[in-house]
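Structure, as structure tokens:
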There are 2 protein chains.
Amino acid sequence: MKRNSRLSSTLHILVHMAETQERALTSEQLATFIHTNPVVVRRTIAGIVTSSRGHGGGWQLGRAPEKISLAEISAALGETLLPFGTEPESPGCLVEQAVIAALDDFRVAAERLLAEKLSRITLADLAADFHRRYELIGVTSHAV
Amino acid sequence: MKRNSRLSSTLHILVHMAETQERALTSEQLATFIHTNPVVVRRTIAGIVTSSRGHGGGWQLGRAPEKISLAEISAALGETLLPFGTEPESPGCLVEQAVIAALDDFRVAAERLLAEKLSRITLADLAADFHRRYELIGVTSHAV
DNA sequence: AAGACTCGTAACTAAGTAAGTTACATGAAA
DNA sequence: TTTCATGTAACTTACTTAGTTACGAGTCTT
């Protein structure tokens, strides 16, 4: 995994969950989907979706995929989409302060824009695109 | 330095250069400004601004600060502002492909928006803000 | 109540990234 | 020729994150 692919892998997991809404999926099952470790899965989606312990337990989406936007998911991850360095490294340098102030202003405005765009995409949209690709493969295979 | 603070430190260096346009600054001088190493400075701004070797050499802005936008600088760094992971990790997984496609579309659109915003900020703007802060400190010091 | 199952989490290892550092070849001016 | 400065390679160090192992705690079945 490269940097900030947490959103990417979280979405990957969540779309798989959207495909099997009827039942809970264990972190072990999800781990095989994305070729990683159950503990990594738990760490990744902890606090993002509902979980239940014990026999028959696992992970489930709290709501319908149509109601879950990428903006929510991104916000739930608690990471900024624009990982600028805005901590002063030369305290007292007014040039640095001017740079940081400008980038901070930019970041705040930019994140508002990005959140607005992400709020228009839902998990259901991704699931629909998955199905489109699935049908396409099916047709292709048939043709060949 | 934290992640993706290259834009931040590059701007820090460039505003210092904008303050001394009359002459070239050596990487050693710039390094003391931002409390780092001359080699790190050279690596950071190589290809971004003009350089000259030998006696009296150093680094200089190619144009007036009013003509240099943050969008150019960001583009010259050759890094994406949105460091999503969009390389497939589970080749053949259609769910992952759908996620990556959606994030790629989003990233392209988002970067266009961000570049548009950054193109409205110039190095001269940052330098002006620096001077504003400088005057403010001067007044404060006088008052105390 | 016992056993099986699963999350939650701590602790450690491994891998990758980027800054910092040293060293030196190349080019340019005095 | 000497001095100065970039360009760059090679190495070290620090940090972040994935991966792994282990185990406690909660929950369901029998």
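Residue numbering restarts at 1 in every chain; chains get A, B, ... in the order shown in the structure tokens, and ligands count up from 1 in that same order.
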
Can you build me a table of chain B residues sitting at most 7 Å from chain A, with the closest atom pair per residue and its distance in Å to one decimal, using only C-alpha atoms, sorted by chain and residue number, as CSV?
```
residue,atom,partner,partner_atom,distance
B:Lys2,CA,A:Gly85,CA,5.9
B:Arg3,CA,A:Gly85,CA,6.5
B:Asn4,CA,A:Phe84,CA,5.5
B:Ser5,CA,A:Gly85,CA,4.2
B:Ser8,CA,A:Gly85,CA,6.3
B:Leu11,CA,A:Val99,CA,6.6
B:His12,CA,A:Glu96,CA,5.6
B:Val15,CA,A:Val95,CA,6.8
B:Ile34,CA,A:Ser90,CA,6.3
B:His35,CA,A:Ser90,CA,6.8
B:Leu81,CA,A:Leu82,CA,6.3
B:Leu82,CA,A:Leu82,CA,6.0
B:Pro83,CA,A:Asn4,CA,6.2
B:Phe84,CA,A:Ser5,CA,5.4
B:Gly85,CA,A:Ser5,CA,4.2
B:Ser90,CA,A:Ile34,CA,6.3
B:Leu94,CA,A:Phe130,CA,5.9
B:Val95,CA,A:Phe130,CA,5.4
B:Glu96,CA,A:His12,CA,5.6
B:Ala98,CA,A:Phe130,CA,5.4
B:Val99,CA,A:Leu126,CA,6.3
B:Ala110,CA,A:Leu114,CA,6.6
B:Leu114,CA,A:Ala110,CA,6.6
B:Leu126,CA,A:Ala98,CA,6.0
B:Asp129,CA,A:Ala98,CA,5.8
B:Phe130,CA,A:Ala98,CA,5.4
B:Arg133,CA,A:Leu94,CA,6.7
B:Tyr134,CA,A:Leu94,CA,6.9
```

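In chain C, the set of residues within 9 Å of chain B (atoms considered: only C-alpha atoms (C1' of nucleotides)) is DA18, DA19, DG20, DT21, DG27, DA28, DA29 and DA30 of chain C.
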
Could you please write out, as a short mmCIF file (atom, residue, chain, number, x, y, z; two decimals) with C-alpha atoms, in the first residue's frame, every residue of region 1-102 of chain B that DSSP assigns to alpha helix (DSSP H)?
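Result written to result.cif:
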```cif
data_model
loop_
_atom_site.label_atom_id
_atom_site.label_comp_id
_atom_site.auth_asym_id
_atom_site.auth_seq_id
_atom_site.Cartn_x
_atom_site.Cartn_y
_atom_site.Cartn_z
CA ARG B 6 7.60 19.78 -0.32
CA LEU B 7 5.23 22.42 -1.68
CA SER B 8 5.35 24.17 1.66
CA SER B 9 9.14 24.24 1.93
CA THR B 10 9.56 25.13 -1.73
CA LEU B 11 7.31 28.15 -1.27
CA HIS B 12 9.22 29.09 1.85
CA ILE B 13 12.45 29.10 -0.14
CA LEU B 14 10.96 30.92 -3.12
CA VAL B 15 9.50 33.74 -1.06
CA HIS B 16 12.88 34.28 0.51
CA MET B 17 14.29 34.49 -3.01
CA ALA B 18 11.57 36.93 -3.99
CA GLU B 19 12.77 39.15 -1.16
CA SER B 27 21.88 26.87 -1.47
CA GLU B 28 23.85 27.39 1.72
CA GLN B 29 22.18 30.74 2.38
CA LEU B 30 18.77 29.32 1.59
CA ALA B 31 19.46 26.36 3.84
CA THR B 32 20.05 28.63 6.83
CA PHE B 33 16.76 30.40 6.11
CA PRO B 38 22.22 22.82 1.35
CA VAL B 39 21.86 19.51 -0.47
CA VAL B 40 18.24 19.23 0.62
CA VAL B 41 17.65 22.73 -0.75
CA ARG B 42 19.22 21.85 -4.10
CA ARG B 43 17.18 18.69 -4.36
CA THR B 44 14.02 20.55 -3.47
CA ILE B 45 14.22 23.40 -5.97
CA LEU B 70 1.40 28.68 -6.93
CA ALA B 71 -0.23 26.51 -9.59
CA GLU B 72 2.94 26.63 -11.69
CA ILE B 73 5.10 25.80 -8.73
CA SER B 74 2.87 22.94 -7.70
CA ALA B 75 2.88 21.59 -11.25
CA ALA B 76 6.65 21.98 -11.51
CA LEU B 77 7.05 19.80 -8.45
CA LEU B 94 -13.86 -5.83 -10.44
CA VAL B 95 -14.85 -4.18 -7.18
CA GLU B 96 -11.41 -2.70 -6.85
CA GLN B 97 -11.49 -1.58 -10.47
CA ALA B 98 -14.76 0.25 -9.87
CA VAL B 99 -13.34 1.97 -6.80
CA ILE B 100 -10.16 2.99 -8.59
CA ALA B 101 -12.08 4.30 -11.59
CA ALA B 102 -14.30 6.44 -9.38
#
```

Please return, as a ChimeraX atom specification, all residues of chain D lying within 9 Å of chain B when only C-alpha atoms (C1' of nucleotides) are considered. /D:3-7,15

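Going from CA of Glu116 (chain A) to CA of Lys67 (chain A) covers 15.2 Å.
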
Env of Gln21 (chain A): 9 Å cut, atoms = only C-alpha atoms (C1' of nucleotides), seq-sep filter 5 positions within chain, self excluded. Answer as a ChimeraX atom specification. /A:60-61,64
